[in-house]
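Visitor: Have a look at this one before I ask anything.
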Amino acid sequence: MSHTHVFSGNPLDRSGDLRNDIAWLGEQEANPEALAMLLWEGRPLVEDHEGGQRLVWLALSHGRDLVPDRDLFLGLWKGAPVFAIEFEGSIDPTSGPAGGLGQFIEMRAAAAALPEADVAIAGTAKSLFDWRRRHGFCAACGKATDQASGGWRRVCAACGVEHFPRVDPVVIMLPVYKGGSEPRCLLGRQAAWPEGRMSALAGFMEPGESIEEACAREVMEEAGLTVSGVVYHSSQPWPFPAQLMIGLIAEVTTEDAAPDQTELEAVAWLTRAEARAVLAGTHGTIHAPPPFAIARRLLEAWAEGE
Ligand SMILES: [Zn+2]
């Protein structure tokens, strides 16, 4: 695939049909080769290696000794079952039961430090645990739900409704104006961001919208610009907690941008040369989105004339 983003590229065979079979899942749990990665409050456990940091893998039995009844099935790696186990609570487990095993690091730091496959596996696990933590009770009747399918489904014994992990689609777009002396793209800035940081525009899709409609609505709401055309670029899973970022290039009809002052406090138009300077870190005032963000990839693609 031409566009592989950080948090995508999970190499595991998810075994989507097999994991619904309780007997098969039991065999995987009993397999002495079963492995488990650990998370604590959404942070993966990592250790230092020669080439940088990597996920720590324990035998599933060892992980279950540390945290009973808190695992989920992630898939098969070359035939061997792979699980994730989550510690809960405010105290770092490396000062207790997980002492000497490595360190828990924030997921954004992991995204920058770990190999692509490790980040994708850790991000998937984080999204699933986040969902489980928030869906212990049935949204239909309010009774407690039970885990099924190795963590990929929850079932309400009281009313029979099944619940599945949610993914929330977000449109993220780079507005482009082609009507001037040379093409320019628009970056926006939220007040809470680090000084100088600017990025693509983004927003959650709403029920009843197409991707194109959500893109046009967000660009109008945040920057006061009319979208005349939308081109899909690529997508990125984003485990904060479980978005799918849908990357777009959005052609707009004017340069009269007006930041809404609620989501965006400022906007800036950039030529391709200026965009390249931002990406190279040589622009005087504007800082690019971080390397693991799809916004940066959109900017790179446009700056290189893609
Ligand atoms: Zn129910």
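Order determines the names: the first chain of the structure tokens is A, the second B, and so forth; residues in each chain are numbered 1 upward, and ligands are numbered 1 upward as they are shown.
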Collect all residues with atoms no farther than 12 Å from ligand 1, counting only C-alpha atoms and all ligand atoms, and output them as a list of chain:residue names.

Guide: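 Every residue with an atom at most 12 Å from ligand 1 is listed here: A:His135, A:Gly136, A:Phe137, A:Cys138, A:Ala139, A:Ala140, A:Cys141, A:Gly142, A:Lys143, A:Ala144, A:Thr145, A:Asp146, A:Arg154, A:Val155, A:Cys156, A:Ala157, A:Ala158, A:Cys159, A:Gly160, A:Val161, A:Glu162, A:His163.
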
Visitor: Residues of the last selection are to be written out with all heavy atoms, as a tab-separated table (two decimals), in the first residue's frame.

Guide:
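So the final result, stored in result08.tsv, reads:
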chain	number	residue	atom	x	y	z
A	135	HIS	N	-17.81	0.50	28.50
A	135	HIS	CA	-19.01	-0.23	28.10
A	135	HIS	C	-19.25	-1.45	28.97
A	135	HIS	O	-19.66	-2.50	28.48
A	135	HIS	CB	-18.94	-0.61	26.61
A	135	HIS	CG	-19.05	0.59	25.72
A	135	HIS	ND1	-18.00	1.46	25.51
A	135	HIS	CD2	-20.09	1.10	25.03
A	135	HIS	CE1	-18.39	2.43	24.71
A	135	HIS	NE2	-19.65	2.25	24.41
A	136	GLY	N	-19.00	-1.27	30.25
A	136	GLY	CA	-19.27	-2.36	31.18
A	136	GLY	C	-20.76	-2.59	31.38
A	136	GLY	O	-21.18	-3.65	31.85
A	137	PHE	N	-21.56	-1.59	31.00
A	137	PHE	CA	-23.01	-1.71	31.19
A	137	PHE	C	-23.72	-1.53	29.85
A	137	PHE	O	-23.29	-0.77	28.99
A	137	PHE	CB	-23.49	-0.68	32.21
A	137	PHE	CG	-22.96	-0.94	33.59
A	137	PHE	CD1	-21.75	-0.40	33.99
A	137	PHE	CD2	-23.65	-1.78	34.46
A	137	PHE	CE1	-21.23	-0.68	35.25
A	137	PHE	CE2	-23.14	-2.06	35.72
A	137	PHE	CZ	-21.93	-1.51	36.12
A	138	CYS	N	-24.80	-2.25	29.71
A	138	CYS	CA	-25.53	-2.30	28.44
A	138	CYS	C	-26.16	-0.94	28.13
A	138	CYS	O	-26.88	-0.37	28.96
A	138	CYS	CB	-26.61	-3.37	28.54
A	138	CYS	SG	-27.61	-3.50	27.05
A	139	ALA	N	-25.90	-0.44	26.92
A	139	ALA	CA	-26.48	0.85	26.52
A	139	ALA	C	-27.97	0.74	26.25
A	139	ALA	O	-28.67	1.74	26.20
A	139	ALA	CB	-25.76	1.36	25.26
A	140	ALA	N	-28.47	-0.51	26.10
A	140	ALA	CA	-29.91	-0.69	25.83
A	140	ALA	C	-30.73	-0.79	27.12
A	140	ALA	O	-31.81	-0.23	27.22
A	140	ALA	CB	-30.12	-1.94	24.97
A	141	CYS	N	-30.19	-1.52	28.14
A	141	CYS	CA	-31.01	-1.76	29.34
A	141	CYS	C	-30.31	-1.38	30.64
A	141	CYS	O	-30.95	-1.39	31.69
A	141	CYS	CB	-31.47	-3.22	29.39
A	141	CYS	SG	-30.19	-4.37	29.94
A	142	GLY	N	-29.02	-1.10	30.60
A	142	GLY	CA	-28.33	-0.63	31.80
A	142	GLY	C	-27.73	-1.72	32.67
A	142	GLY	O	-27.05	-1.42	33.65
A	143	LYS	N	-27.95	-3.00	32.33
A	143	LYS	CA	-27.38	-4.09	33.14
A	143	LYS	C	-25.91	-4.33	32.74
A	143	LYS	O	-25.47	-3.93	31.66
A	143	LYS	CB	-28.19	-5.37	32.93
A	143	LYS	CG	-29.66	-5.28	33.36
A	143	LYS	CD	-29.77	-5.18	34.87
A	143	LYS	CE	-31.18	-5.49	35.36
A	143	LYS	NZ	-32.25	-4.69	34.74
A	144	ALA	N	-25.19	-5.04	33.61
A	144	ALA	CA	-23.78	-5.33	33.34
A	144	ALA	C	-23.64	-6.24	32.12
A	144	ALA	O	-24.48	-7.13	31.91
A	144	ALA	CB	-23.14	-5.99	34.56
A	145	THR	N	-22.58	-6.03	31.33
A	145	THR	CA	-22.33	-6.87	30.15
A	145	THR	C	-21.14	-7.78	30.41
A	145	THR	O	-20.32	-7.51	31.28
A	145	THR	CB	-22.03	-6.00	28.91
A	145	THR	OG1	-20.92	-5.14	29.20
A	145	THR	CG2	-23.24	-5.16	28.53
A	146	ASP	N	-21.04	-8.85	29.60
A	146	ASP	CA	-19.95	-9.81	29.73
A	146	ASP	C	-19.10	-9.81	28.47
A	146	ASP	O	-19.62	-9.68	27.36
A	146	ASP	CB	-20.52	-11.23	29.94
A	146	ASP	CG	-21.35	-11.31	31.20
A	146	ASP	OD1	-20.87	-10.85	32.26
A	146	ASP	OD2	-22.48	-11.83	31.13
A	154	ARG	N	-19.23	-7.55	23.47
A	154	ARG	CA	-19.79	-7.66	24.82
A	154	ARG	C	-21.26	-8.04	24.67
A	154	ARG	O	-21.94	-7.58	23.75
A	154	ARG	CB	-19.63	-6.37	25.61
A	154	ARG	CG	-18.18	-5.98	25.84
A	154	ARG	CD	-18.00	-4.90	26.88
A	154	ARG	NE	-18.24	-5.38	28.23
A	154	ARG	CZ	-17.35	-6.07	28.96
A	154	ARG	NH1	-16.17	-6.37	28.46
A	154	ARG	NH2	-17.66	-6.47	30.19
A	155	VAL	N	-21.69	-8.90	25.57
A	155	VAL	CA	-23.04	-9.44	25.48
A	155	VAL	C	-23.79	-9.10	26.77
A	155	VAL	O	-23.25	-9.23	27.86
A	155	VAL	CB	-23.01	-10.97	25.28
A	155	VAL	CG1	-24.43	-11.52	25.18
A	155	VAL	CG2	-22.20	-11.33	24.05
A	156	CYS	N	-25.04	-8.66	26.61
A	156	CYS	CA	-25.89	-8.37	27.76
A	156	CYS	C	-26.76	-9.60	28.03
A	156	CYS	O	-27.61	-9.96	27.21
A	156	CYS	CB	-26.76	-7.16	27.50
A	156	CYS	SG	-27.91	-6.83	28.86
A	157	ALA	N	-26.53	-10.24	29.20
A	157	ALA	CA	-27.31	-11.43	29.54
A	157	ALA	C	-28.77	-11.07	29.82
A	157	ALA	O	-29.66	-11.89	29.64
A	157	ALA	CB	-26.68	-12.12	30.75
A	158	ALA	N	-29.01	-9.83	30.24
A	158	ALA	CA	-30.37	-9.44	30.64
A	158	ALA	C	-31.28	-9.26	29.43
A	158	ALA	O	-32.43	-9.71	29.43
A	158	ALA	CB	-30.32	-8.16	31.46
A	159	CYS	N	-30.78	-8.58	28.38
A	159	CYS	CA	-31.67	-8.28	27.24
A	159	CYS	C	-31.18	-8.90	25.93
A	159	CYS	O	-31.88	-8.80	24.91
A	159	CYS	CB	-31.85	-6.77	27.08
A	159	CYS	SG	-30.45	-5.92	26.35
A	160	GLY	N	-29.99	-9.51	25.94
A	160	GLY	CA	-29.52	-10.22	24.77
A	160	GLY	C	-28.83	-9.38	23.71
A	160	GLY	O	-28.36	-9.91	22.71
A	161	VAL	N	-28.74	-8.07	23.93
A	161	VAL	CA	-28.10	-7.21	22.93
A	161	VAL	C	-26.59	-7.44	22.92
A	161	VAL	O	-25.97	-7.62	23.97
A	161	VAL	CB	-28.43	-5.73	23.22
A	161	VAL	CG1	-27.54	-4.79	22.40
A	161	VAL	CG2	-29.89	-5.44	22.92
A	162	GLU	N	-26.00	-7.45	21.72
A	162	GLU	CA	-24.55	-7.55	21.58
A	162	GLU	C	-23.98	-6.15	21.31
A	162	GLU	O	-24.58	-5.38	20.56
A	162	GLU	CB	-24.19	-8.45	20.40
A	162	GLU	CG	-24.61	-9.89	20.56
A	162	GLU	CD	-24.24	-10.68	19.33
A	162	GLU	OE1	-24.68	-10.30	18.22
A	162	GLU	OE2	-23.51	-11.65	19.46
A	163	HIS	N	-22.83	-5.90	21.89
A	163	HIS	CA	-22.17	-4.60	21.67
A	163	HIS	C	-20.80	-4.85	21.06
A	163	HIS	O	-20.08	-5.76	21.47
A	163	HIS	CB	-22.02	-3.85	22.99
A	163	HIS	CG	-23.33	-3.59	23.67
A	163	HIS	ND1	-24.13	-2.51	23.36
A	163	HIS	CD2	-24.00	-4.29	24.62
A	163	HIS	CE1	-25.23	-2.55	24.11
A	163	HIS	NE2	-25.18	-3.62	24.88

Visitor: Can I get the residues of segment 101-210 of chain A within 6 Å of segment 276-297 of chain A, each with the closest pair of atoms and their distance in Å to one decimal, using only C-alpha atoms, sorted chain first then ascending number, as JSON lines?

Guide:
{"residue": "A:Gly196", "atom": "CA", "partner": "A:Ile286", "partner_atom": "CA", "distance": 4.9}
{"residue": "A:Arg197", "atom": "CA", "partner": "A:His287", "partner_atom": "CA", "distance": 4.5}
{"residue": "A:Ser199", "atom": "CA", "partner": "A:Pro289", "partner_atom": "CA", "distance": 5.6}
{"residue": "A:Ala200", "atom": "CA", "partner": "A:Ala295", "partner_atom": "CA", "distance": 5.4}

Visitor: With N, CA and C atoms retained, could you export that selection as a PDB file, in the first residue's frame?

Guide:
ATOM      1  N   GLY A 196       3.203  27.997  17.958  1.00  0.00           N
ATOM      2  CA  GLY A 196       3.635  27.879  16.572  1.00  0.00           C
ATOM      3  C   GLY A 196       3.059  26.694  15.816  1.00  0.00           C
ATOM      4  N   ARG A 197       2.510  25.698  16.532  1.00  0.00           N
ATOM      5  CA  ARG A 197       1.981  24.510  15.870  1.00  0.00           C
ATOM      6  C   ARG A 197       0.759  24.868  15.029  1.00  0.00           C
ATOM      7  N   SER A 199      -1.866  22.933  11.831  1.00  0.00           N
ATOM      8  CA  SER A 199      -2.167  21.603  11.301  1.00  0.00           C
ATOM      9  C   SER A 199      -3.348  21.677  10.343  1.00  0.00           C
ATOM     10  N   ALA A 200      -3.722  20.505   9.838  1.00  0.00           N
ATOM     11  CA  ALA A 200      -4.897  20.411   8.985  1.00  0.00           C
ATOM     12  C   ALA A 200      -6.154  20.668   9.813  1.00  0.00           C
TER      13      ALA A 200
END

Visitor: Have a look at A:Leu225, A:Leu76, A:Ile105, A:Trp40 and name the one nearest to Pro93 of chain A; count only C-alpha atoms.

Guide: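 Among A:Leu225, A:Leu76, A:Ile105, A:Trp40, it is A:Trp40 that comes nearest to Pro93 of chain A.
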
Visitor: What's the 7 Å shell around segment 61-72 of chain A, counting only C-alpha atoms, without same-chain residues fewer than 3 positions away, as a count of residues only?

Guide: 10

Visitor: Give me, as a list in words, the residues of segment 116-168 of chain A that a backbone DSSP run labels strand (DSSP E or B).

Guide: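 Reading the DSSP output for segment 116-168 of chain A, strand (DSSP E or B) covers Phe137, Ala144, Thr145, Asp146, Gln147, Ala148, Arg153, Arg154, Val155, Cys156, Glu162, His163 and Asp168 of chain A.
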
Visitor: Find, counting only C-alpha atoms, the residue in A:Ser235, A:Ala111, A:Phe104, A:Pro169 that gets nearest to Gly123 of chain A.

Guide: A:Ala111

Visitor: Please produce, as a Markdown table, a per-residue contact table for segment 40-97 of chain A versus segment 17-23 of chain A (criterion: any atom at most 10 Å away, only C-alpha atoms considered), showing the nearest atom pair and its distance in Å to one decimal, sorted by chain then residue number.

Guide:
| residue | atom | partner | partner_atom | distance |
| --- | --- | --- | --- | --- |
| A:Phe73 | CA | A:Arg19 | CA | 7.9 |
| A:Leu74 | CA | A:Arg19 | CA | 9.5 |
| A:Gly75 | CA | A:Arg19 | CA | 8.4 |

Visitor: Please write the residues from the selection above to a file, keeping N, CA, C and O atoms, as a PDB file, in the first residue's frame.

Guide:
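The resulting file, result_13.pdb, is shown below:
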ATOM      1  N   PHE A  73      -7.849 -11.089  23.404  1.00  0.00           N
ATOM      2  CA  PHE A  73      -7.156 -11.791  22.324  1.00  0.00           C
ATOM      3  C   PHE A  73      -6.924 -10.827  21.162  1.00  0.00           C
ATOM      4  O   PHE A  73      -7.868 -10.264  20.614  1.00  0.00           O
ATOM      5  N   LEU A  74      -5.653 -10.656  20.786  1.00  0.00           N
ATOM      6  CA  LEU A  74      -5.340  -9.714  19.699  1.00  0.00           C
ATOM      7  C   LEU A  74      -5.249 -10.393  18.343  1.00  0.00           C
ATOM      8  O   LEU A  74      -5.477  -9.754  17.315  1.00  0.00           O
ATOM      9  N   GLY A  75      -4.866 -11.684  18.336  1.00  0.00           N
ATOM     10  CA  GLY A  75      -4.740 -12.367  17.055  1.00  0.00           C
ATOM     11  C   GLY A  75      -3.628 -13.389  17.086  1.00  0.00           C
ATOM     12  O   GLY A  75      -3.125 -13.767  18.151  1.00  0.00           O
TER      13      GLY A  75
END

Visitor: Which neighbours of Pro165 of chain A fall inside 10 Å, counting only C-alpha atoms, when residues of the same chain fewer than 4 positions from it are skipped, and could you give them as a PyMOL selection string?

Guide: chain A and resi 127-132+135+151-154+242

Visitor: Could you please determine the separation between atom CA of Pro259 of chain A and atom CA of Val171 of chain A in Å, to one decimal place?

Guide: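 Atom CA of Val171 of chain A lies at a distance of 17.7 Å from atom CA of Pro259 of chain A.
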
Visitor: Which residue out of A:Thr94, A:His233, A:Gln103, A:Leu201 has the minimum interatomic distance to His5 of chain A when only C-alpha atoms are used?

Guide: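 Ranked by minimum distance to His5 of chain A, first place goes to A:His233.
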
Visitor: State, in Å with one decimal place, the distance from atom CA of Met198 of chain A to atom CA of Val219 of chain A.

Guide: 15.2 Å

Visitor: Using DSSP secondary structure from the backbone, list all alpha helix (DSSP H) positions within segment 101-268 of chain A, as number ranges by chain.

Guide: A: 107-113, 116-134, 211-223

Visitor: So that I have them on file, write out the residues from the current selection with N, CA and C atoms, as a JSON list (two decimals), in the first residue's frame.

Guide:
[["chain", "number", "residue", "atom", "x", "y", "z"],
["A", 107, "MET", "N", 1.19, 6.76, 24.96],
["A", 107, "MET", "CA", 1.03, 6.21, 23.61],
["A", 107, "MET", "C", 1.62, 7.12, 22.53],
["A", 108, "ARG", "N", 1.54, 8.44, 22.72],
["A", 108, "ARG", "CA", 2.12, 9.32, 21.71],
["A", 108, "ARG", "C", 3.65, 9.19, 21.68],
["A", 109, "ALA", "N", 4.24, 8.99, 22.83],
["A", 109, "ALA", "CA", 5.69, 8.75, 22.87],
["A", 109, "ALA", "C", 6.01, 7.41, 22.22],
["A", 110, "ALA", "N", 5.15, 6.42, 22.47],
["A", 110, "ALA", "CA", 5.35, 5.11, 21.86],
["A", 110, "ALA", "C", 5.26, 5.20, 20.34],
["A", 111, "ALA", "N", 4.33, 6.05, 19.86],
["A", 111, "ALA", "CA", 4.15, 6.20, 18.41],
["A", 111, "ALA", "C", 5.43, 6.71, 17.74],
["A", 112, "ALA", "N", 6.18, 7.51, 18.47],
["A", 112, "ALA", "CA", 7.42, 8.06, 17.92],
["A", 112, "ALA", "C", 8.59, 7.11, 18.08],
["A", 113, "ALA", "N", 8.53, 6.23, 19.09],
["A", 113, "ALA", "CA", 9.72, 5.46, 19.47],
["A", 113, "ALA", "C", 9.71, 4.01, 19.00],
["A", 116, "GLU", "N", 6.90, 0.11, 13.69],
["A", 116, "GLU", "CA", 5.52, 0.25, 13.17],
["A", 116, "GLU", "C", 4.59, -0.85, 13.68],
["A", 117, "ALA", "N", 5.04, -2.10, 13.65],
["A", 117, "ALA", "CA", 4.17, -3.21, 14.05],
["A", 117, "ALA", "C", 3.81, -3.10, 15.53],
["A", 118, "ASP", "N", 4.79, -2.75, 16.36],
["A", 118, "ASP", "CA", 4.53, -2.63, 17.80],
["A", 118, "ASP", "C", 3.52, -1.53, 18.08],
["A", 119, "VAL", "N", 3.65, -0.40, 17.38],
["A", 119, "VAL", "CA", 2.74, 0.71, 17.60],
["A", 119, "VAL", "C", 1.32, 0.32, 17.20],
["A", 120, "ALA", "N", 1.20, -0.39, 16.08],
["A", 120, "ALA", "CA", -0.13, -0.79, 15.61],
["A", 120, "ALA", "C", -0.79, -1.76, 16.58],
["A", 121, "ILE", "N", -0.02, -2.70, 17.08],
["A", 121, "ILE", "CA", -0.56, -3.67, 18.05],
["A", 121, "ILE", "C", -0.96, -2.95, 19.34],
["A", 122, "ALA", "N", -0.10, -2.08, 19.83],
["A", 122, "ALA", "CA", -0.38, -1.37, 21.09],
["A", 122, "ALA", "C", -1.59, -0.45, 20.93],
["A", 123, "GLY", "N", -1.70, 0.23, 19.78],
["A", 123, "GLY", "CA", -2.82, 1.13, 19.54],
["A", 123, "GLY", "C", -4.14, 0.37, 19.49],
["A", 124, "THR", "N", -4.12, -0.79, 18.83],
["A", 124, "THR", "CA", -5.33, -1.62, 18.77],
["A", 124, "THR", "C", -5.75, -2.03, 20.18],
["A", 125, "ALA", "N", -4.79, -2.49, 20.96],
["A", 125, "ALA", "CA", -5.11, -2.93, 22.33],
["A", 125, "ALA", "C", -5.65, -1.77, 23.15],
["A", 126, "LYS", "N", -5.04, -0.61, 23.02],
["A", 126, "LYS", "CA", -5.50, 0.56, 23.79],
["A", 126, "LYS", "C", -6.95, 0.90, 23.44],
["A", 127, "SER", "N", -7.27, 0.92, 22.14],
["A", 127, "SER", "CA", -8.64, 1.24, 21.73],
["A", 127, "SER", "C", -9.63, 0.24, 22.31],
["A", 128, "LEU", "N", -9.27, -1.05, 22.27],
["A", 128, "LEU", "CA", -10.19, -2.07, 22.79],
["A", 128, "LEU", "C", -10.38, -1.95, 24.30],
["A", 129, "PHE", "N", -9.29, -1.72, 25.03],
["A", 129, "PHE", "CA", -9.42, -1.58, 26.48],
["A", 129, "PHE", "C", -10.20, -0.31, 26.83],
["A", 130, "ASP", "N", -9.97, 0.76, 26.11],
["A", 130, "ASP", "CA", -10.73, 2.00, 26.36],
["A", 130, "ASP", "C", -12.22, 1.75, 26.17],
["A", 131, "TRP", "N", -12.55, 1.03, 25.10],
["A", 131, "TRP", "CA", -13.95, 0.71, 24.83],
["A", 131, "TRP", "C", -14.52, -0.15, 25.94],
["A", 132, "ARG", "N", -13.78, -1.17, 26.36],
["A", 132, "ARG", "CA", -14.28, -2.07, 27.39],
["A", 132, "ARG", "C", -14.52, -1.32, 28.70],
["A", 133, "ARG", "N", -13.60, -0.42, 29.03],
["A", 133, "ARG", "CA", -13.72, 0.33, 30.29],
["A", 133, "ARG", "C", -15.01, 1.16, 30.29],
["A", 134, "ARG", "N", -15.42, 1.63, 29.11],
["A", 134, "ARG", "CA", -16.58, 2.53, 29.04],
["A", 134, "ARG", "C", -17.88, 1.80, 28.73],
["A", 211, "ILE", "N", -18.71, 11.51, 3.64],
["A", 211, "ILE", "CA", -17.39, 12.07, 3.95],
["A", 211, "ILE", "C", -17.26, 13.46, 3.33],
["A", 212, "GLU", "N", -17.72, 13.60, 2.08],
["A", 212, "GLU", "CA", -17.61, 14.89, 1.39],
["A", 212, "GLU", "C", -18.41, 15.98, 2.11],
["A", 213, "GLU", "N", -19.60, 15.61, 2.57],
["A", 213, "GLU", "CA", -20.45, 16.59, 3.26],
["A", 213, "GLU", "C", -19.84, 17.01, 4.60],
["A", 214, "ALA", "N", -19.30, 16.03, 5.32],
["A", 214, "ALA", "CA", -18.67, 16.36, 6.61],
["A", 214, "ALA", "C", -17.47, 17.28, 6.39],
["A", 215, "CYS", "N", -16.69, 16.99, 5.36],
["A", 215, "CYS", "CA", -15.54, 17.83, 5.03],
["A", 215, "CYS", "C", -15.98, 19.26, 4.73],
["A", 216, "ALA", "N", -16.99, 19.41, 3.89],
["A", 216, "ALA", "CA", -17.46, 20.74, 3.51],
["A", 216, "ALA", "C", -18.02, 21.49, 4.73],
["A", 217, "ARG", "N", -18.75, 20.80, 5.58],
["A", 217, "ARG", "CA", -19.32, 21.44, 6.77],
["A", 217, "ARG", "C", -18.22, 21.93, 7.71],
["A", 218, "GLU", "N", -17.23, 21.07, 7.96],
["A", 218, "GLU", "CA", -16.17, 21.44, 8.90],
["A", 218, "GLU", "C", -15.34, 22.62, 8.38],
["A", 219, "VAL", "N", -15.04, 22.59, 7.07],
["A", 219, "VAL", "CA", -14.23, 23.68, 6.51],
["A", 219, "VAL", "C", -15.01, 25.00, 6.58],
["A", 220, "MET", "N", -16.32, 24.93, 6.33],
["A", 220, "MET", "CA", -17.14, 26.14, 6.45],
["A", 220, "MET", "C", -17.23, 26.60, 7.90],
["A", 221, "GLU", "N", -17.48, 25.66, 8.82],
["A", 221, "GLU", "CA", -17.64, 26.03, 10.24],
["A", 221, "GLU", "C", -16.36, 26.63, 10.81],
["A", 222, "GLU", "N", -15.23, 25.99, 10.51],
["A", 222, "GLU", "CA", -13.99, 26.38, 11.18],
["A", 222, "GLU", "C", -13.27, 27.53, 10.48],
["A", 223, "ALA", "N", -13.39, 27.59, 9.14],
["A", 223, "ALA", "CA", -12.60, 28.58, 8.42],
["A", 223, "ALA", "C", -13.44, 29.46, 7.49]]

Visitor: Which residue is closest to Ala30 of chain A? Choose from A:Cys185, A:Ala80, A:Leu55, A:Ala303 and count only C-alpha atoms.

Guide: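 Answer, going by the shortest atom-to-atom distance: A:Ala80.
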
Visitor: Mind giving me the straight-line distance from atom CA of Trp302 of chain A to atom CA of Val252 of chain A in Å, one decimal?

Guide: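 About the pair atom CA of Trp302 of chain A and atom CA of Val252 of chain A: they are 14.5 Å apart.
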